[in-house]
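coords.tsv, holding TSV, C-alpha atoms:
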chain	number	residue	atom	x	y	z
K	16	MET	CA	86.96	92.58	92.99
K	17	ALA	CA	86.77	90.13	90.12
K	18	VAL	CA	83.96	87.60	89.89
K	19	GLY	CA	84.80	84.41	91.73
K	20	THR	CA	87.55	85.82	93.94
K	21	ALA	CA	87.13	85.77	97.70
K	22	VAL	CA	89.23	87.30	100.46
K	23	MET	CA	90.42	84.71	102.96
K	24	GLU	CA	90.38	86.19	106.44
K	25	ASN	CA	92.94	83.97	108.17
K	26	PRO	CA	95.27	82.20	105.74
K	27	SER	CA	97.88	79.94	107.32
K	28	ALA	CA	101.63	79.85	106.71
K	29	GLY	CA	102.76	76.62	105.12
K	30	VAL	CA	99.22	75.90	103.88
K	31	HIS	CA	98.00	78.92	101.96
K	32	TYR	CA	101.33	80.69	101.42
K	33	PRO	CA	105.03	79.82	101.84
K	34	ALA	CA	106.39	80.34	105.33
K	35	SER	CA	110.00	80.82	104.24
K	36	THR	CA	112.18	81.42	101.20
K	37	GLY	CA	113.07	77.73	101.15
K	38	GLU	CA	109.41	76.78	101.07
K	39	PHE	CA	108.78	79.36	98.34
K	40	ALA	CA	111.49	77.75	96.19
K	41	ALA	CA	110.00	74.30	96.78
K	42	TRP	CA	106.41	75.34	96.01
K	43	PHE	CA	107.02	77.33	92.83
K	44	ARG	CA	109.72	75.50	90.90
K	45	THR	CA	107.91	75.69	87.56
K	46	ASP	CA	105.62	78.04	85.68
K	47	ALA	CA	102.91	75.38	85.93
K	48	ASP	CA	103.13	75.52	89.75
K	49	CYS	CA	102.68	79.29	89.64
K	50	LEU	CA	99.72	79.06	87.26
K	51	ASP	CA	97.99	76.51	89.46
K	52	TYR	CA	98.43	78.76	92.52
K	53	LEU	CA	96.90	81.71	90.65
K	54	GLU	CA	93.99	79.51	89.59
K	55	TRP	CA	93.41	78.51	93.22
K	56	LEU	CA	93.58	82.14	94.37
K	57	ARG	CA	91.19	83.32	91.69
K	58	TRP	CA	88.69	80.47	91.90
K	59	PRO	CA	89.16	78.76	95.29
K	60	GLY	CA	85.80	77.00	94.94
K	61	GLY	CA	86.19	76.07	91.29
K	62	PHE	CA	85.95	77.93	88.00
K	63	VAL	CA	83.57	80.89	87.83
K	64	CYS	CA	83.07	82.59	84.46
K	65	PRO	CA	84.35	86.20	84.66
K	66	ASP	CA	81.91	87.23	81.90
K	67	CYS	CA	78.55	85.79	82.98
K	68	GLY	CA	79.30	84.67	86.55
K	69	HIS	CA	78.20	81.09	85.87
K	70	VAL	CA	79.74	78.51	88.20
K	71	GLY	CA	81.28	75.55	86.44
K	72	GLY	CA	82.93	74.68	83.17
K	73	TRP	CA	85.66	72.47	81.82
K	74	ARG	CA	89.32	72.76	80.95
K	75	LEU	CA	90.32	72.77	77.29
K	76	GLY	CA	93.36	71.12	75.78
K	77	ASP	CA	95.30	74.41	75.67
K	78	GLY	CA	94.80	74.98	79.41
K	79	ARG	CA	91.99	77.51	79.08
K	80	PHE	CA	88.48	77.13	80.51
K	81	ARG	CA	85.15	77.01	78.72
K	82	CYS	CA	82.13	78.27	80.63
K	83	ALA	CA	79.25	75.81	80.87
K	84	GLY	CA	76.81	78.72	80.75
K	85	CYS	CA	77.81	81.18	78.02
K	86	LEU	CA	80.36	78.81	76.42
K	87	GLY	CA	82.95	81.60	76.49
K	88	ARG	CA	86.62	80.75	76.79
K	89	THR	CA	89.08	82.32	79.20
K	90	SER	CA	92.37	81.63	80.91
K	91	THR	CA	93.53	81.87	84.51
K	92	THR	CA	95.51	85.05	83.88
K	93	ALA	CA	93.00	86.78	81.55
K	94	GLY	CA	91.61	89.96	83.07
K	95	THR	CA	94.34	90.17	85.74
K	96	ILE	CA	97.62	92.08	85.83
K	97	PHE	CA	99.20	88.93	84.35
K	98	ASP	CA	97.02	89.22	81.26
K	99	ARG	CA	99.03	88.76	78.03
K	100	THR	CA	102.29	88.86	79.94
K	101	ARG	CA	105.32	87.53	78.12
K	102	THR	CA	107.26	87.35	81.35
K	103	PRO	CA	107.30	83.82	82.81
K	104	LEU	CA	105.25	83.38	85.95
K	105	THR	CA	108.30	82.12	87.85
K	106	VAL	CA	109.83	85.57	87.32
K	107	TRP	CA	106.60	87.29	88.39
K	108	PHE	CA	106.46	85.20	91.54
K	109	ALA	CA	110.12	85.84	92.35
K	110	ILE	CA	109.52	89.60	92.06
K	111	CYS	CA	106.36	89.41	94.19
K	112	TRP	CA	108.26	87.42	96.81
K	113	GLN	CA	111.14	89.91	96.92
K	114	PHE	CA	108.65	92.77	97.00
K	115	ALA	CA	106.90	91.20	100.01
K	116	ILE	CA	109.73	89.86	102.16
K	117	GLN	CA	111.98	92.93	101.98
K	118	LYS	CA	110.88	95.18	104.82
K	119	ASN	CA	111.62	98.36	102.88
K	120	GLY	CA	110.80	97.06	99.42
K	121	VAL	CA	113.04	96.60	96.43
K	122	SER	CA	114.07	98.82	93.52
K	123	ALA	CA	113.75	98.02	89.83
K	124	LEU	CA	117.52	98.23	89.37
K	125	THR	CA	118.08	95.65	92.11
K	126	LEU	CA	115.57	93.28	90.53
K	127	GLN	CA	117.10	93.70	87.10
K	128	ARG	CA	120.51	92.75	88.47
K	129	THR	CA	119.53	89.89	90.75
K	130	LEU	CA	117.12	88.24	88.29
K	131	GLU	CA	119.35	88.95	85.28
K	132	MET	CA	116.58	90.75	83.42
K	133	GLY	CA	117.71	92.22	80.12
K	134	SER	CA	115.63	95.40	80.40
K	135	TYR	CA	115.38	97.88	83.26
K	136	GLN	CA	112.02	99.02	81.83
K	137	THR	CA	110.62	95.51	82.28
K	138	ALA	CA	111.54	95.41	85.97
K	139	TRP	CA	110.28	98.97	86.46
K	140	ALA	CA	106.93	98.25	84.79
K	141	MET	CA	106.41	94.99	86.70
K	142	LEU	CA	106.96	96.74	90.03
K	143	HIS	CA	104.52	99.49	89.07
K	144	ARG	CA	101.94	96.91	88.05
K	145	ILE	CA	102.29	95.37	91.50
K	146	ARG	CA	101.95	98.77	93.17
K	147	SER	CA	98.80	99.45	91.16
K	148	VAL	CA	96.93	96.57	92.87
K	149	LEU	CA	97.77	97.38	96.49
K	150	VAL	CA	94.60	99.35	97.23
K	151	ARG	CA	91.83	96.86	97.91
K	152	PRO	CA	88.44	97.96	96.52
K	153	GLY	CA	86.05	98.85	99.31
K	154	ARG	CA	88.73	98.86	102.01
K	155	GLU	CA	87.64	100.08	105.44
K	156	ARG	CA	88.11	103.75	106.30
K	157	LEU	CA	90.03	104.92	109.36
K	158	THR	CA	88.10	105.02	112.63
K	159	GLY	CA	88.46	106.27	116.21
K	160	ALA	CA	90.83	109.14	116.86
K	161	VAL	CA	92.52	110.15	113.59
K	162	GLU	CA	95.23	112.77	113.20
K	163	VAL	CA	95.15	114.58	109.84
K	164	ASP	CA	97.67	117.00	108.38
K	165	GLU	CA	99.51	117.85	105.16
K	166	THR	CA	103.16	117.54	104.23
K	167	PHE	CA	105.32	118.25	101.22
K	168	ILE	CA	107.27	115.44	99.63
K	169	GLY	CA	110.20	116.14	97.36
K	170	GLY	CA	112.10	118.79	99.31
K	171	GLU	CA	111.79	122.52	99.82
K	172	GLU	CA	112.44	125.25	97.27
K	173	PRO	CA	115.00	127.90	98.31
K	174	GLY	CA	113.58	131.16	99.62
K	175	LEU	CA	110.15	129.82	100.53
K	176	ARG	CA	108.82	129.66	104.06
K	177	GLY	CA	105.80	128.00	105.59
K	178	GLY	CA	104.41	124.50	105.20
K	179	ARG	CA	101.76	125.51	102.66
K	180	ALA	CA	103.89	127.94	100.60
K	181	LYS	CA	103.49	127.58	96.84
K	182	GLY	CA	106.44	126.36	94.85
K	183	LYS	CA	107.27	123.40	97.05
K	184	LYS	CA	107.18	119.93	95.56
K	185	TRP	CA	104.03	117.82	96.06
K	186	LEU	CA	101.42	118.33	98.71
K	187	VAL	CA	100.29	115.12	100.42
K	188	ASN	CA	97.43	114.63	102.88
K	189	VAL	CA	98.24	112.22	105.74
K	190	ALA	CA	95.83	110.55	108.17
K	191	VAL	CA	96.86	108.21	111.01
K	192	GLU	CA	94.79	106.37	113.60
K	193	VAL	CA	95.90	107.12	117.16
K	194	LYS	CA	95.63	104.29	119.68
K	195	GLU	CA	95.35	104.68	123.44
K	196	PRO	CA	97.31	104.77	125.65
K	197	ARG	CA	100.00	104.97	122.94
K	198	GLY	CA	100.75	103.72	119.48
K	199	PHE	CA	99.53	104.13	115.91
K	200	GLY	CA	97.03	102.19	113.87
K	201	ARG	CA	96.52	102.36	110.12
K	202	CYS	CA	97.44	105.28	107.89
K	203	ARG	CA	96.44	106.80	104.56
K	204	MET	CA	98.50	109.08	102.29
K	205	THR	CA	97.25	110.78	99.12
K	206	PRO	CA	98.60	113.66	96.99
K	207	ILE	CA	96.20	116.60	96.83
K	208	PRO	CA	96.24	119.61	94.46
K	209	ASP	CA	96.05	122.21	97.24
K	210	ALA	CA	95.14	122.76	100.89
K	211	THR	CA	91.70	124.23	100.25
K	212	ALA	CA	88.63	123.04	102.08
K	213	VAL	CA	87.40	121.24	98.94
K	214	SER	CA	90.55	119.09	98.65
K	215	LEU	CA	90.83	118.40	102.39
K	216	ARG	CA	87.17	117.42	102.73
K	217	ALA	CA	87.41	115.09	99.73
K	218	PHE	CA	90.35	113.35	101.39
K	219	LEU	CA	88.44	112.95	104.67
K	220	VAL	CA	85.35	111.54	102.97
K	221	ASP	CA	87.45	108.98	101.07
K	222	HIS	CA	89.61	107.82	103.97
K	223	VAL	CA	88.00	108.57	107.36
K	224	GLU	CA	84.77	107.02	108.61
K	225	PRO	CA	82.07	109.49	109.76
K	226	GLY	CA	81.84	109.52	113.54
K	227	ALA	CA	85.61	109.50	113.94
K	228	THR	CA	87.35	112.22	115.95
K	229	VAL	CA	89.50	114.14	113.48
K	230	ILE	CA	92.45	115.90	115.10
K	231	THR	CA	93.96	118.74	113.06
K	232	ASP	CA	95.93	121.94	113.48
K	233	GLY	CA	94.22	125.33	113.24
K	234	TRP	CA	94.24	125.52	109.42
K	235	GLN	CA	90.98	127.08	108.22
K	236	GLY	CA	90.58	124.46	105.48
K	237	TYR	CA	89.34	122.01	108.14
K	238	HIS	CA	86.74	124.41	109.52
K	239	GLY	CA	83.22	123.00	109.48
K	240	ILE	CA	84.07	119.33	108.96
K	241	TRP	CA	81.52	118.52	111.63
K	242	GLU	CA	78.98	118.98	108.82
K	243	LEU	CA	80.39	115.77	107.31
K	244	GLY	CA	79.73	113.81	110.49
K	245	TYR	CA	83.14	114.13	112.15
K	246	ASN	CA	84.02	115.20	115.67
K	247	HIS	CA	86.67	117.89	115.25
K	248	GLU	CA	89.50	118.53	117.70
K	249	ARG	CA	91.67	121.51	116.75
K	250	ARG	CA	95.16	122.01	118.12
K	251	SER	CA	96.49	125.52	117.61
K	252	GLN	CA	100.19	125.89	116.88
K	253	ARG	CA	100.02	129.56	117.87
K	254	ALA	CA	98.55	128.68	121.26
K	255	ALA	CA	101.18	125.98	121.76
K	256	ARG	CA	103.98	128.45	121.09
K	257	ALA	CA	102.39	130.92	123.51
K	258	ARG	CA	102.51	128.22	126.17
K	259	GLY	CA	106.15	127.55	125.39
K	260	GLU	CA	105.42	124.12	123.88
K	261	ASP	CA	106.88	122.58	120.74
K	262	ALA	CA	104.29	123.17	118.01
K	263	ASN	CA	105.72	120.29	115.97
K	264	LYS	CA	104.57	117.82	118.63
K	265	LEU	CA	100.88	118.71	118.40
K	266	LEU	CA	100.30	116.00	115.77
K	267	PRO	CA	103.00	113.41	116.53
K	268	ALA	CA	101.42	110.53	114.60
K	269	VAL	CA	101.20	112.23	111.20
K	270	HIS	CA	104.63	113.79	111.62
K	271	ARG	CA	106.16	110.40	112.43
K	272	VAL	CA	104.46	108.65	109.49
K	273	ALA	CA	105.34	111.46	107.06
K	274	SER	CA	108.96	111.31	108.21
K	275	LEU	CA	109.07	107.53	107.74
K	276	ALA	CA	107.59	107.84	104.23
K	277	LYS	CA	110.16	110.45	103.17
K	278	ARG	CA	113.02	108.39	104.61
K	279	TRP	CA	111.71	105.29	102.82
K	280	LEU	CA	111.52	107.10	99.49
K	281	LEU	CA	115.06	108.39	99.90
K	282	GLY	CA	116.43	105.06	101.08
K	283	THR	CA	114.81	102.46	98.83
K	284	HIS	CA	114.23	104.65	95.79
K	285	GLN	CA	116.92	107.33	96.30
K	286	GLY	CA	114.19	109.93	96.08
K	287	SER	CA	113.80	109.31	92.35
K	288	THR	CA	110.00	109.49	92.33
K	289	ASP	CA	108.08	111.84	90.08
K	290	GLN	CA	104.68	113.41	90.50
K	291	ALA	CA	102.99	111.03	88.07
K	292	HIS	CA	103.93	107.94	90.05
K	293	LEU	CA	104.02	109.35	93.58
K	294	PRO	CA	100.53	107.94	94.38
K	295	SER	CA	101.80	104.43	93.54
K	296	TYR	CA	104.81	104.77	95.82
K	297	LEU	CA	102.62	106.14	98.62
K	298	ASN	CA	100.23	103.19	98.15
K	299	GLU	CA	103.19	100.85	98.60
K	300	PHE	CA	104.31	102.66	101.76
K	301	VAL	CA	100.79	102.55	103.21
K	302	PHE	CA	100.47	98.86	102.32
K	303	ARG	CA	103.71	98.09	104.16
K	304	PHE	CA	103.03	100.36	107.14
K	305	ASN	CA	99.56	98.95	107.74
K	306	ARG	CA	100.97	95.41	107.68
K	307	ARG	CA	104.10	96.13	109.71
K	308	ARG	CA	102.98	93.72	112.42
K	309	SER	CA	102.19	90.80	110.07
K	310	ARG	CA	103.23	87.56	111.73
K	311	ASN	CA	104.88	86.29	108.57
K	312	ARG	CA	106.30	88.14	105.56
K	313	GLY	CA	104.90	85.40	103.35
K	314	LEU	CA	101.43	86.68	104.24
K	315	LEU	CA	102.23	89.90	102.35
K	316	PHE	CA	103.17	87.78	99.32
K	317	TYR	CA	99.80	86.05	99.57
K	318	ARG	CA	97.93	89.37	99.83
K	319	VAL	CA	99.79	90.86	96.85
K	320	LEU	CA	98.88	87.93	94.59
K	321	GLU	CA	95.34	87.84	95.96
K	322	LEU	CA	94.92	91.47	94.92
K	323	ALA	CA	96.72	90.89	91.60
K	324	VAL	CA	94.29	88.25	90.34
K	325	ALA	CA	91.35	90.51	91.23
K	326	HIS	CA	92.72	93.56	89.41
K	327	ASP	CA	92.17	94.61	85.81
K	328	PRO	CA	95.14	94.48	83.43
K	329	VAL	CA	97.66	97.34	83.60
K	330	ARG	CA	99.47	98.05	80.34
K	331	TYR	CA	102.99	99.42	80.02
K	332	ARG	CA	101.83	102.29	77.82
K	333	ASP	CA	99.34	103.28	80.52
K	334	LEU	CA	102.18	103.55	83.01
K	335	VAL	CA	104.49	105.69	80.88
K	336	ALA	CA	102.00	107.76	78.86
K	337	THR	CA	98.66	108.59	80.46
K	338	ARG	CA	100.09	109.02	83.95
K	339	GLN	CA	103.01	111.20	82.88
K	340	PRO	CA	102.38	114.85	83.88
K	341	SER	CA	103.19	117.83	81.73
K	342	GLY	CA	106.65	119.26	82.27
K	343	TYR	CA	108.32	115.86	82.62
K	344	PRO	CA	110.07	114.06	79.77
K	345	PRO	CA	108.30	110.76	79.00
K	346	LEU	CA	109.96	107.50	79.90
K	347	PRO	CA	111.28	105.73	76.83
K	348	ILE	CA	109.07	103.01	75.39
K	349	VAL	CA	111.67	100.38	74.70
K	350	VAL	CA	110.86	97.69	72.16
K	351	THR	CA	113.04	94.66	72.74
K	352	ARG	CA	112.88	91.10	71.55
K	353	ARG	CA	114.44	89.81	74.72
K	354	HIS	CA	112.13	88.86	77.56
K	355	PRO	CA	113.08	87.51	80.98
K	356	ALA	CA	113.87	83.82	80.86
K	357	SER	CA	111.87	81.50	83.07
K	358	LEU	CA	113.37	80.74	86.45
K	359	GLU	CA	112.12	77.20	86.07
K	360	ARG	CA	115.02	74.87	86.79
K	361	ALA	CA	115.59	71.13	86.93
K	362	PRO	CA	117.54	69.68	89.89
K	363	ALA	CA	121.26	70.33	89.39
K	364	HIS	CA	122.40	67.00	90.96
K	365	ARG	CA	125.18	68.67	92.97
K	366	PRO	CA	127.40	69.90	90.14
K	367	TRP	CA	130.19	70.74	92.55
K	368	ARG	CA	130.70	67.01	93.09
K	369	ALA	CA	131.33	66.54	89.38
K	370	VAL	CA	134.43	68.76	89.53
K	371	GLN	CA	137.54	66.62	89.76
K	372	ALA	CA	139.58	67.39	92.84
K	373	PRO	CA	143.15	68.62	92.11
K	374	LYS	CA	145.84	66.03	92.55
K	375	SER	CA	148.16	66.54	95.46
K	376	GLY	CA	151.92	67.05	95.09

Could you write out this file's structure as structure tokens?
Amino acid sequence: MAVGTAVMENPSAGVHYPASTGEFAAWFRTDADCLDYLEWLRWPGGFVCPDCGHVGGWRLGDGRFRCAGCLGRTSTTAGTIFDRTRTPLTVWFAICWQFAIQKNGVSALTLQRTLEMGSYQTAWAMLHRIRSVLVRPGRERLTGAVEVDETFIGGEEPGLRGGRAKGKKWLVNVAVEVKEPRGFGRCRMTPIPDATAVSLRAFLVDHVEPGATVITDGWQGYHGIWELGYNHERRSQRAARARGEDANKLLPAVHRVASLAKRWLLGTHQGSTDQAHLPSYLNEFVFRFNRRRSRNRGLLFYRVLELAVAHDPVRYRDLVATRQPSGYPPLPIVVTRRHPASLERAPAHRPWRAVQAPKSG
């Protein structure tokens, strides 16, 4: 979390974030409105130097701030995902709003068309920058009763049998809180290299709080997790079949969440995810699933921007180069002189009234 930023526990609709699309349009008509909102999110109590942490400074003529302590200069967007962006903030905000209010998300192609962006790569990179901020540093781990299992995302290879057979697409560990008497809590989803004890234990340590009751199938990779401080409840598929029960219903929470994630990837993104960017898409799914009961979709918009101003810059070349796995052709790095035009607009004064009505007969 960047210096000076603070997480607001209970922001209010209509005060801290727009409650509707109409209110969003009224609040953020200009790039200056957007910049002021980012400044308020980043430094709600006033300017705090991101370099030395000194509180207080003054605004320069070019809009930047000078620290009263170290005398360094910085801007509102410096050190955030908006750092050095050539895309107007009105476009950024419009994308963040669409990203937040659409229940199942939005694709880069849809954004390119609706916002009349000249480059698909620009829309694609902006969405991936947003996805990169969705994991809050130091977020709480899952607690209580937690179902844990693995699934493959990307489809099955012909001729292979068994959930852990090699040659399938990408193995993903899934953990879901189980609420009593019924219902699910939060979830976590992370790709893992294999289903060995080392990989499974690393996932548990990262995402499940010690003391939780971890519910798994009989896979030997989970054996001995009590040494990590977990209560372990094993449910044997073989024993379930012997009793005449449906083995697929032993872990209903993780199976339901995994099914929803696969359906979401196929629906919103037509299944066009690759291994390099699968973690980003899973982070988006988890972000949406864990906030599925949010009282207002505008709250998700607020949380996205709150995370964005606290995140380090993410460069386009980082997205298409360092995260691209071997065996996949790299995405083209397109150099274009055309950047999205600002969505800043002056009142149109009802242009339809200026059209002369056709004369009758």

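Between Asp327 of chain K and the candidates K:Leu86, K:Ile240, K:Ile145, K:Ala40, the tightest atom-to-atom separation, counting only C-alpha atoms, involves K:Ile145.
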
- Query: Out of K:Pro208, K:Gly120, K:Gly78, K:Pro225, which residue has the shortest atom-to-atom distance to Glu54 of chain K when counting all atoms listed in the file?
  - Reply: K:Gly78

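Among K:Leu322, K:Pro196, K:Gly233, K:Phe97, the residue with the shortest atom-to-atom distance to Ala255 of chain K, counting only C-alpha atoms, is K:Gly233.
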
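In this structure, atom CA of Val150 of chain K sits 12.6 Å away from atom CA of Asp221 of chain K.
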
- Query: Can you find the residues with an atom no farther than 9 Å from (100.0, 83.3, 105.0), counting all atoms listed in the file, and report them as a PyMOL selection string?
  - Reply: chain K and resi 25-34+310-318

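Remark: for Arg144 of chain K, the closest of the candidate residues K:Phe39, K:Tyr237, K:Phe114, K:Tyr331 is K:Tyr331 (distances computed over all atoms listed in the file).
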
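Of note, atom CA of Asp77 of chain K and atom CA of Ser90 of chain K are spaced 9.4 Å apart.
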
- Show which residues sit within 10 Å of Val187 of chain K, as JSON, numbers by chain. Count only C-alpha atoms, and ignore same-chain residues fewer than 2 positions away. {"K": [164, 165, 166, 167, 168, 184, 185, 189, 204, 205, 206, 207, 208, 209, 210, 273, 293, 294, 297]}

- If you count only C-alpha atoms, which residues fall within 10 Å of Glu224 of chain K, apart from same-chain ones fewer than 3 positions away, as a list in words? Glu155, Arg156, Leu157, Thr158, Gly159, Val161, Leu219, Val220, Asp221, Ala227, Thr228, Val229, Leu243, Gly244 and Tyr245 of chain K

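The nearest approach to Lys118 of chain K among the residues K:Gly76, K:Gly71, K:Phe199, K:Arg307, with only C-alpha atoms taken into account, belongs to K:Arg307.
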
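Using only C-alpha atoms, the shortest contact distance between Leu56 of chain K and any of K:Ala268, K:Ala217, K:Arg151, K:Val319 is found at K:Val319.
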
- Item | Distance query 12 Å from (106.3, 86.2, 85.0) using all atoms listed in the file, result as number ranges by chain | K: 43, 45-47, 49-50, 53, 92, 96-111, 130, 132, 137-138, 141-142, 144-145, 354-359

- Which residues come within 8 Å of His69 of chain K, counting all atoms listed in the file, excluding same-chain residues fewer than 4 positions away, as number ranges by chain? K: 63-64, 82-85

Just to be explicit: take each residue in the selection above, keep C-alpha atoms, and write the result as a tab-separated table (two decimals), keeping the file's coordinate frame.
chain	number	residue	atom	x	y	z
K	63	VAL	CA	83.57	80.89	87.83
K	64	CYS	CA	83.07	82.59	84.46
K	82	CYS	CA	82.13	78.27	80.63
K	83	ALA	CA	79.25	75.81	80.87
K	84	GLY	CA	76.81	78.72	80.75
K	85	CYS	CA	77.81	81.18	78.02

- Message: One decimal, in Å: what's the spacing between atom CA of Ala115 of chain K and atom CA of His222 of chain K?
- Response: 24.3 Å

- Query: Can you tell me, as a PyMOL selection string, what residues are no more than 10 Å from Thr283 of chain K when counting all atoms listed in the file, ignoring any on the same chain fewer than 4 positions away?
  - Reply: chain K and resi 119-122+278-279+287
